[in-house]
$ cat entry-v4.cif   # mmCIF, C-alpha atoms and all ligand atoms
data_work
loop_
_atom_site.label_atom_id
_atom_site.label_comp_id
_atom_site.auth_asym_id
_atom_site.auth_seq_id
_atom_site.Cartn_x
_atom_site.Cartn_y
_atom_site.Cartn_z
CA MET U 1 -76.52 -13.78 86.47
CA ILE U 2 -72.87 -14.05 85.34
CA THR U 3 -70.63 -14.58 88.34
CA LYS U 4 -66.90 -13.86 88.49
CA ASN U 5 -66.20 -17.60 88.52
CA MET U 6 -68.27 -18.18 85.37
CA LYS U 7 -66.37 -15.41 83.57
CA LYS U 8 -63.06 -16.97 84.65
CA LEU U 9 -64.19 -20.38 83.41
CA GLU U 10 -65.28 -18.95 80.04
CA MET U 11 -61.96 -17.16 79.62
CA ALA U 12 -60.10 -20.34 80.51
CA GLN U 13 -62.09 -22.25 77.88
CA ILE U 14 -61.46 -19.59 75.21
CA LYS U 15 -57.74 -19.66 76.05
CA GLU U 16 -57.60 -23.46 75.90
CA THR U 17 -59.41 -23.55 72.53
CA TYR U 18 -57.27 -20.72 71.13
CA PHE U 19 -53.93 -22.28 72.03
CA SER U 20 -54.81 -25.89 71.22
CA GLU U 21 -56.07 -24.84 67.76
CA LYS U 22 -52.99 -22.70 67.19
CA ILE U 23 -50.76 -25.71 67.91
CA LEU U 24 -52.92 -28.07 65.85
CA LEU U 25 -52.84 -25.84 62.78
CA SER U 26 -49.18 -24.99 63.14
CA ASN U 27 -48.28 -28.70 63.32
CA PHE U 28 -50.47 -29.36 60.28
CA ARG U 29 -48.66 -26.68 58.29
CA LYS U 30 -45.22 -27.98 59.32
CA ASP U 31 -46.16 -31.53 58.38
CA ALA U 32 -47.62 -30.43 55.02
CA ALA U 33 -44.49 -28.40 54.26
CA ALA U 34 -42.24 -31.36 55.13
CA LYS U 35 -44.27 -33.65 52.87
CA LYS U 36 -44.57 -30.95 50.16
CA ILE U 37 -48.38 -31.11 50.29
CA PRO U 38 -49.96 -27.86 49.10
CA ILE U 39 -52.44 -26.21 51.46
CA ILE U 40 -54.20 -22.86 51.55
CA ASP U 41 -52.77 -19.86 53.34
CA GLU U 42 -53.92 -19.55 56.96
CA THR U 43 -55.63 -16.21 56.31
CA ALA U 44 -57.59 -17.82 53.48
CA GLY U 45 -58.60 -20.53 55.94
CA ARG U 46 -59.77 -17.96 58.42
CA PHE U 47 -61.73 -16.26 55.63
CA LEU U 48 -63.48 -19.57 54.87
CA GLU U 49 -64.28 -19.99 58.55
CA GLY U 50 -65.81 -16.50 58.69
CA ALA U 51 -67.72 -17.01 55.44
CA CYS U 52 -69.23 -20.23 56.81
CA LEU U 53 -70.15 -18.53 60.06
CA ILE U 54 -71.99 -15.73 58.25
CA LYS U 55 -73.54 -17.83 55.49
CA ASN U 56 -74.37 -20.78 57.77
CA PRO U 57 -74.52 -23.10 54.74
CA GLU U 58 -76.65 -26.21 54.70
CA ASN U 59 -74.43 -28.08 52.26
CA ILE U 60 -70.77 -27.33 51.58
CA LEU U 61 -68.78 -28.76 48.67
CA GLU U 62 -65.01 -28.63 48.38
CA ILE U 63 -63.29 -29.46 45.11
CA GLY U 64 -59.70 -30.39 45.96
CA CYS U 65 -59.67 -30.97 49.72
CA GLY U 66 -56.08 -32.29 49.65
CA SER U 67 -55.08 -33.50 53.10
CA GLY U 68 -57.85 -31.55 54.84
CA TYR U 69 -56.35 -28.27 56.01
CA SER U 70 -58.96 -26.12 54.25
CA SER U 71 -61.63 -28.67 55.22
CA TYR U 72 -60.94 -27.86 58.87
CA PHE U 73 -62.07 -24.23 58.42
CA LEU U 74 -65.09 -25.23 56.34
CA VAL U 75 -66.31 -27.92 58.71
CA LYS U 76 -65.54 -26.18 62.01
CA GLY U 77 -68.72 -24.09 62.13
CA LEU U 78 -70.99 -26.57 60.34
CA GLU U 79 -74.20 -27.07 62.30
CA ASN U 80 -76.84 -29.40 60.90
CA GLY U 81 -75.63 -29.41 57.33
CA SER U 82 -73.21 -31.53 55.37
CA TYR U 83 -69.70 -31.20 53.96
CA THR U 84 -68.68 -33.07 50.81
CA ALA U 85 -65.07 -33.22 49.66
CA ILE U 86 -63.68 -34.46 46.36
CA ASP U 87 -60.04 -35.21 45.58
CA LEU U 88 -58.35 -37.43 43.01
CA ASN U 89 -55.37 -38.08 45.25
CA GLY U 90 -56.44 -41.10 47.29
CA GLU U 91 -53.72 -40.80 49.90
CA ARG U 92 -54.45 -37.14 50.63
CA LEU U 93 -58.19 -37.74 50.65
CA LYS U 94 -57.78 -40.53 53.24
CA SER U 95 -55.63 -38.27 55.45
CA ALA U 96 -58.26 -35.53 55.17
CA GLU U 97 -61.01 -37.94 56.13
CA ILE U 98 -59.09 -39.28 59.16
CA PHE U 99 -58.16 -35.76 60.29
CA ILE U 100 -61.63 -34.23 59.93
CA LYS U 101 -63.49 -37.20 61.39
CA SER U 102 -61.15 -37.22 64.39
CA LYS U 103 -61.66 -33.50 65.01
CA PHE U 104 -65.37 -33.37 64.23
CA PRO U 105 -66.76 -36.88 64.85
CA ASP U 106 -70.38 -35.71 65.03
CA LYS U 107 -70.47 -33.72 61.80
CA ASN U 108 -71.85 -35.01 58.53
CA CYS U 109 -68.78 -35.24 56.28
CA ILE U 110 -68.45 -37.21 53.06
CA PHE U 111 -65.12 -37.78 51.27
CA LEU U 112 -65.31 -38.77 47.62
CA TYR U 113 -62.38 -40.11 45.66
CA GLY U 114 -62.12 -39.23 41.99
CA ASN U 115 -61.93 -36.57 39.32
CA ALA U 116 -64.35 -33.72 40.07
CA ILE U 117 -64.86 -33.15 36.34
CA ASN U 118 -66.56 -36.54 36.08
CA MET U 119 -68.19 -36.54 39.49
CA ILE U 120 -69.96 -33.18 39.87
CA SER U 121 -72.90 -34.15 37.65
CA SER U 122 -73.73 -37.17 39.83
CA LEU U 123 -73.77 -35.23 43.13
CA LYS U 124 -77.21 -35.43 44.69
CA LEU U 125 -77.31 -32.27 46.83
CA ARG U 126 -77.57 -28.55 46.09
CA TYR U 127 -74.68 -26.65 47.65
CA ASP U 128 -74.89 -23.19 49.15
CA LEU U 129 -71.14 -22.83 49.63
CA VAL U 130 -68.51 -24.27 47.29
CA PHE U 131 -64.76 -23.94 47.68
CA ILE U 132 -62.64 -24.59 44.58
CA ASP U 133 -58.96 -25.40 45.13
CA ALA U 134 -58.02 -28.08 42.61
CA ALA U 135 -56.39 -27.83 39.15
CA LYS U 136 -56.27 -24.16 38.09
CA TYR U 137 -56.70 -24.96 34.40
CA GLU U 138 -59.97 -26.73 35.21
CA TYR U 139 -61.65 -24.01 37.32
CA THR U 140 -64.05 -23.01 34.54
CA ALA U 141 -64.94 -26.63 33.86
CA TYR U 142 -65.80 -27.11 37.54
CA ILE U 143 -67.99 -24.02 37.79
CA LYS U 144 -69.84 -24.81 34.55
CA ARG U 145 -70.65 -28.27 35.86
CA LEU U 146 -71.68 -26.78 39.20
CA MET U 147 -74.39 -24.56 37.71
CA SER U 148 -77.09 -27.19 38.25
CA LYS U 149 -75.80 -28.05 41.74
CA ILE U 150 -76.12 -24.59 43.28
CA LYS U 151 -79.03 -22.27 43.97
CA LYS U 152 -79.67 -18.52 43.91
CA GLY U 153 -77.54 -16.99 46.65
CA SER U 154 -75.00 -19.84 46.73
CA ILE U 155 -71.42 -18.72 47.17
CA ILE U 156 -68.48 -20.04 45.16
CA ILE U 157 -65.05 -19.25 46.56
CA ALA U 158 -61.97 -20.00 44.47
CA ASP U 159 -58.37 -20.00 45.69
CA ASN U 160 -55.16 -18.91 43.89
CA ILE U 161 -57.07 -16.34 41.89
CA PHE U 162 -54.02 -14.04 41.63
CA TYR U 163 -51.63 -17.00 41.43
CA LYS U 164 -48.65 -15.14 42.91
CA ASP U 165 -49.52 -12.20 40.57
CA LYS U 166 -48.77 -14.40 37.53
CA ILE U 167 -52.21 -13.81 36.04
CA PHE U 168 -51.27 -10.13 35.49
CA SER U 169 -47.97 -10.85 33.80
CA THR U 170 -47.59 -10.53 30.03
CA ALA U 171 -44.70 -13.00 30.07
CA VAL U 172 -46.18 -16.36 30.98
CA THR U 173 -43.77 -19.28 31.19
CA LYS U 174 -44.54 -22.52 29.41
CA HIS U 175 -44.74 -24.22 32.80
CA ASN U 176 -47.46 -21.86 34.09
CA TYR U 177 -49.32 -21.37 30.82
CA ARG U 178 -52.26 -23.73 31.40
CA SER U 179 -52.80 -22.57 34.99
CA VAL U 180 -52.60 -18.85 34.13
CA MET U 181 -54.96 -19.25 31.16
CA GLY U 182 -57.29 -21.35 33.30
CA ILE U 183 -57.54 -18.73 36.03
CA ARG U 184 -57.98 -15.91 33.51
CA ASP U 185 -60.74 -17.88 31.83
CA TYR U 186 -62.43 -18.47 35.21
CA ILE U 187 -62.26 -14.74 36.05
CA ASN U 188 -63.74 -13.96 32.66
CA PHE U 189 -66.56 -16.45 33.24
CA VAL U 190 -67.56 -15.26 36.71
CA THR U 191 -67.45 -11.61 35.66
CA SER U 192 -69.15 -11.81 32.27
CA SER U 193 -71.61 -14.73 32.27
CA GLY U 194 -74.23 -12.60 34.02
CA CYS U 195 -74.85 -15.42 36.49
CA PHE U 196 -72.57 -14.22 39.28
CA LYS U 197 -71.69 -11.17 41.29
CA THR U 198 -67.99 -11.49 42.04
CA ILE U 199 -65.40 -9.80 44.22
CA PHE U 200 -61.66 -10.47 44.32
CA LEU U 201 -59.83 -10.39 47.61
CA ASP U 202 -56.13 -10.02 48.28
CA VAL U 203 -56.23 -12.79 50.85
CA GLY U 204 -53.62 -15.53 50.73
CA ASP U 205 -52.90 -16.24 47.07
CA GLY U 206 -56.08 -14.37 46.11
CA LEU U 207 -59.67 -15.42 46.56
CA SER U 208 -62.65 -14.82 44.33
CA VAL U 209 -66.04 -14.82 45.99
CA SER U 210 -68.96 -15.23 43.60
CA THR U 211 -72.62 -15.08 44.54
CA PHE U 212 -74.85 -17.06 42.18
CA LEU U 213 -77.63 -14.86 40.81
CA GLY U 214 -79.49 -17.73 39.13
CA ASN U 215 -79.56 -18.84 35.49
C1 LIG F 301 -53.88 -27.18 46.32
S1 LIG F 301 -54.32 -28.81 46.67
C2 LIG F 301 -55.70 -28.61 47.78
C3 LIG F 301 -55.31 -28.12 49.11
C4 LIG F 301 -56.44 -28.12 50.12
N1 LIG F 301 -57.57 -27.35 49.66
C5 LIG F 301 -55.97 -27.58 51.46
O1 LIG F 301 -55.93 -26.35 51.63
O2 LIG F 301 -55.62 -28.40 52.31
C6 LIG F 301 -55.16 -29.27 45.20
C7 LIG F 301 -55.82 -30.64 45.27
O3 LIG F 301 -56.69 -30.76 44.15
C8 LIG F 301 -56.69 -32.11 43.73
N2 LIG F 301 -57.20 -32.14 42.34
C9 LIG F 301 -56.61 -31.65 41.23
N3 LIG F 301 -57.41 -31.83 40.16
C10 LIG F 301 -58.53 -32.44 40.61
C11 LIG F 301 -59.71 -32.92 40.00
N4 LIG F 301 -59.93 -32.76 38.68
N5 LIG F 301 -60.64 -33.52 40.76
C12 LIG F 301 -60.44 -33.69 42.10
N6 LIG F 301 -59.34 -33.26 42.73
C13 LIG F 301 -58.39 -32.65 42.01
C14 LIG F 301 -55.25 -32.57 43.92
O4 LIG F 301 -55.18 -33.96 44.06
C15 LIG F 301 -54.83 -31.81 45.18
O5 LIG F 301 -54.94 -32.60 46.34
#

$ encode --input "entry-v4.cif" --output "structure tokens"
Amino acid sequence: MITKNMKKLEMAQIKETYFSEKILLSNFRKDAAAKKIPIIDETAGRFLEGACLIKNPENILEIGCGSGYSSYFLVKGLENGSYTAIDLNGERLKSAEIFIKSKFPDKNCIFLYGNAINMISSLKLRYDLVFIDAAKYEYTAYIKRLMSKIKKGSIIIADNIFYKDKIFSTAVTKHNYRSVMGIRDYINFVTSSGCFKTIFLDVGDGLSVSTFLGN
């Protein structure tokens, strides 16, 4: 039987969690902006959180965890599974590890330093949810290397898929050329290889969500 007092207590707990997380994430964003550290849009983070809740993945892989903002949303709902992060920026990776381990001390999180291009093939697990947010020009290289590390039904989410609408522009600056071509190539791969069913969402800077159909 739910008593009035129990309901009050639950509401107080929800309120406490809601506001403390709001402050935590807001401070994270301010700090990242001050240090010029790129992080995903908050709505993209919330999308990742929801995707993890629905998919309930056993093993999550993040390519380009940066300082751990996106990791927060991926790890938050993790139950018995694992989270593996790769980043080639040692300083950011360390911050991510300290942040995530302080927030979620009981969760199974592994932080790997290095270039994902060279590291994916030596990963031991099969991942049912992968989040790609590293170098745009390498997205296709990551997903091709991931093919043997995922299983039928695995979900690959990639950030910056619309890249501030630059991928639709006919006039690509020299500065953005590699990134724009990289994203276009990735879109082409996930839509035409026959191995994925993909949707594109106008969330944050654009997210692609690809379900692996098998080889
Ligand atoms: C946009 S930031 C990631 C932001 C992070 N996902 C977040 O929301 O907090 C991109 C990260 O990818 C990393 N990166 C770029 N190329 C990489 C590679 N080949 N292997 C591993 N990490 C890479 C960079 O060091 C950088 O920290």

$ closest_residue --input "entry-v4.cif" --among "U:Phe47, U:Phe104, U:Tyr113, U:Phe99" --to "ligand LIG 301 (chain F)" --atoms "only C-alpha atoms and all ligand atoms"
U:Tyr113

$ residues_around --input "entry-v4.cif" --residues "Gly153 in chain U" --least-positions-apart "2" --cutoff "10 Å" --atoms "only C-alpha atoms" --output "list in words"
Lys55, Asp128, Leu129, Ile150, Lys151, Ile155, Ile156, Phe196, Lys197, Ser210, Thr211, Phe212, Leu213 and Gly214 of chain U

$ atom_distance --input "entry-v4.cif" --atom1 "CA of Ile60 in chain U" --atom2 "CA of Leu146 in chain U"
12.4 Å

$ closest_residue --input "entry-v4.cif" --among "U:Tyr69, U:Tyr163, U:Phe200, U:Phe131" --to "Cys52 in chain U" --atoms "only C-alpha atoms"
U:Phe131

$ atom_distance --input "entry-v4.cif" --atom1 "atom C4 of ligand LIG 301 (chain F)" --atom2 "CA of Asn176 in chain U"
19.4 Å

$ residues_around --input "entry-v4.cif" --residues "Ser169 in chain U" --least-positions-apart "4" --cutoff "10 Å" --atoms "only C-alpha atoms" --output "CSV table (one decimal) with C-alpha atoms, keeping the file's coordinate frame"
chain,number,residue,atom,x,y,z
U,165,ASP,CA,-49.5,-12.2,40.6
U,173,THR,CA,-43.8,-19.3,31.2
U,180,VAL,CA,-52.6,-18.8,34.1

$ residues_around --input "entry-v4.cif" --residues "Lys164 in chain U" --least-positions-apart "2" --cutoff "7 Å" --atoms "only C-alpha atoms" --output "compact mmCIF listing (two decimals) with C-alpha atoms, in the frame of the given file"
# COMPACT_ATOMS: atom_id res chain seq x y z
CA PHE U 162 -54.02 -14.04 41.63
CA LYS U 166 -48.77 -14.40 37.53
CA ASP U 205 -52.90 -16.24 47.07

$ closest_residue --input "entry-v4.cif" --among "U:Ser67, U:Thr84, U:Asn188, U:Ser95" --to "ligand LIG 301 (chain F)" --atoms "only C-alpha atoms and all ligand atoms"
U:Ser67

$ residues_near_ligand --input "entry-v4.cif" --ligand "ligand LIG 301 (chain F)" --cutoff "6 Å" --atoms "only C-alpha atoms and all ligand atoms" --output "JSON list (two decimals) with C-alpha atoms, in the coordinates of the input"
[["chain", "number", "residue", "atom", "x", "y", "z"],
["U", 38, "PRO", "CA", -49.96, -27.86, 49.10],
["U", 39, "ILE", "CA", -52.44, -26.21, 51.46],
["U", 40, "ILE", "CA", -54.20, -22.86, 51.55],
["U", 63, "ILE", "CA", -63.29, -29.46, 45.11],
["U", 64, "GLY", "CA", -59.70, -30.39, 45.96],
["U", 65, "CYS", "CA", -59.67, -30.97, 49.72],
["U", 66, "GLY", "CA", -56.08, -32.29, 49.65],
["U", 67, "SER", "CA", -55.08, -33.50, 53.10],
["U", 68, "GLY", "CA", -57.85, -31.55, 54.84],
["U", 69, "TYR", "CA", -56.35, -28.27, 56.01],
["U", 70, "SER", "CA", -58.96, -26.12, 54.25],
["U", 86, "ILE", "CA", -63.68, -34.46, 46.36],
["U", 87, "ASP", "CA", -60.04, -35.21, 45.58],
["U", 88, "LEU", "CA", -58.35, -37.43, 43.01],
["U", 89, "ASN", "CA", -55.37, -38.08, 45.25],
["U", 114, "GLY", "CA", -62.12, -39.23, 41.99],
["U", 115, "ASN", "CA", -61.93, -36.57, 39.32],
["U", 116, "ALA", "CA", -64.35, -33.72, 40.07],
["U", 117, "ILE", "CA", -64.86, -33.15, 36.34],
["U", 133, "ASP", "CA", -58.96, -25.40, 45.13],
["U", 134, "ALA", "CA", -58.02, -28.08, 42.61],
["U", 135, "ALA", "CA", -56.39, -27.83, 39.15]]

$ closest_residue --input "entry-v4.cif" --among "U:Ser179, U:Ser82, U:Thr191, U:Phe111" --to "Lys94 in chain U" --atoms "only C-alpha atoms"
U:Phe111

$ closest_residue --input "entry-v4.cif" --among "U:Lys124, U:Lys76, U:Lys35, U:His175" --to "Lys107 in chain U" --atoms "all atoms listed in the file"
U:Lys76

$ residues_near_point --input "entry-v4.cif" --point "(-67.4, -34.5, 53.3)" --cutoff "9 Å" --atoms "all atoms listed in the file" --output "PDB file with C-alpha atoms, in the coordinates of the input"
ATOM      1  CA  ILE U  60     -70.770 -27.330  51.580  1.00  0.00           C
ATOM      2  CA  LEU U  61     -68.780 -28.760  48.670  1.00  0.00           C
ATOM      3  CA  GLU U  62     -65.010 -28.630  48.380  1.00  0.00           C
ATOM      4  CA  SER U  71     -61.630 -28.670  55.220  1.00  0.00           C
ATOM      5  CA  VAL U  75     -66.310 -27.920  58.710  1.00  0.00           C
ATOM      6  CA  SER U  82     -73.210 -31.530  55.370  1.00  0.00           C
ATOM      7  CA  TYR U  83     -69.700 -31.200  53.960  1.00  0.00           C
ATOM      8  CA  THR U  84     -68.680 -33.070  50.810  1.00  0.00           C
ATOM      9  CA  ALA U  85     -65.070 -33.220  49.660  1.00  0.00           C
ATOM     10  CA  ILE U  86     -63.680 -34.460  46.360  1.00  0.00           C
ATOM     11  CA  GLU U  97     -61.010 -37.940  56.130  1.00  0.00           C
ATOM     12  CA  ILE U 100     -61.630 -34.230  59.930  1.00  0.00           C
ATOM     13  CA  ASN U 108     -71.850 -35.010  58.530  1.00  0.00           C
ATOM     14  CA  CYS U 109     -68.780 -35.240  56.280  1.00  0.00           C
ATOM     15  CA  ILE U 110     -68.450 -37.210  53.060  1.00  0.00           C
ATOM     16  CA  PHE U 111     -65.120 -37.780  51.270  1.00  0.00           C
ATOM     17  CA  LEU U 112     -65.310 -38.770  47.620  1.00  0.00           C
TER      18      LEU U 112
END

$ atom_distance --input "entry-v4.cif" --atom1 "CA of Lys22 in chain U" --atom2 "CA of Glu42 in chain U"
10.7 Å

$ axis_aligned_box --input "entry-v4.cif" --around "range 87-94 of chain U" --padding-each-side "5 Å" --output "JSON"
{"center_x": -56.9, "center_y": -38.2, "center_z": 48.1, "size_x": 16.3, "size_y": 15.9, "size_z": 20.2}

$ closest_residue --input "entry-v4.cif" --among "U:Ile199, U:Leu24, U:Val172, U:Met11" --to "Ala158 in chain U" --atoms "only C-alpha atoms"
U:Ile199
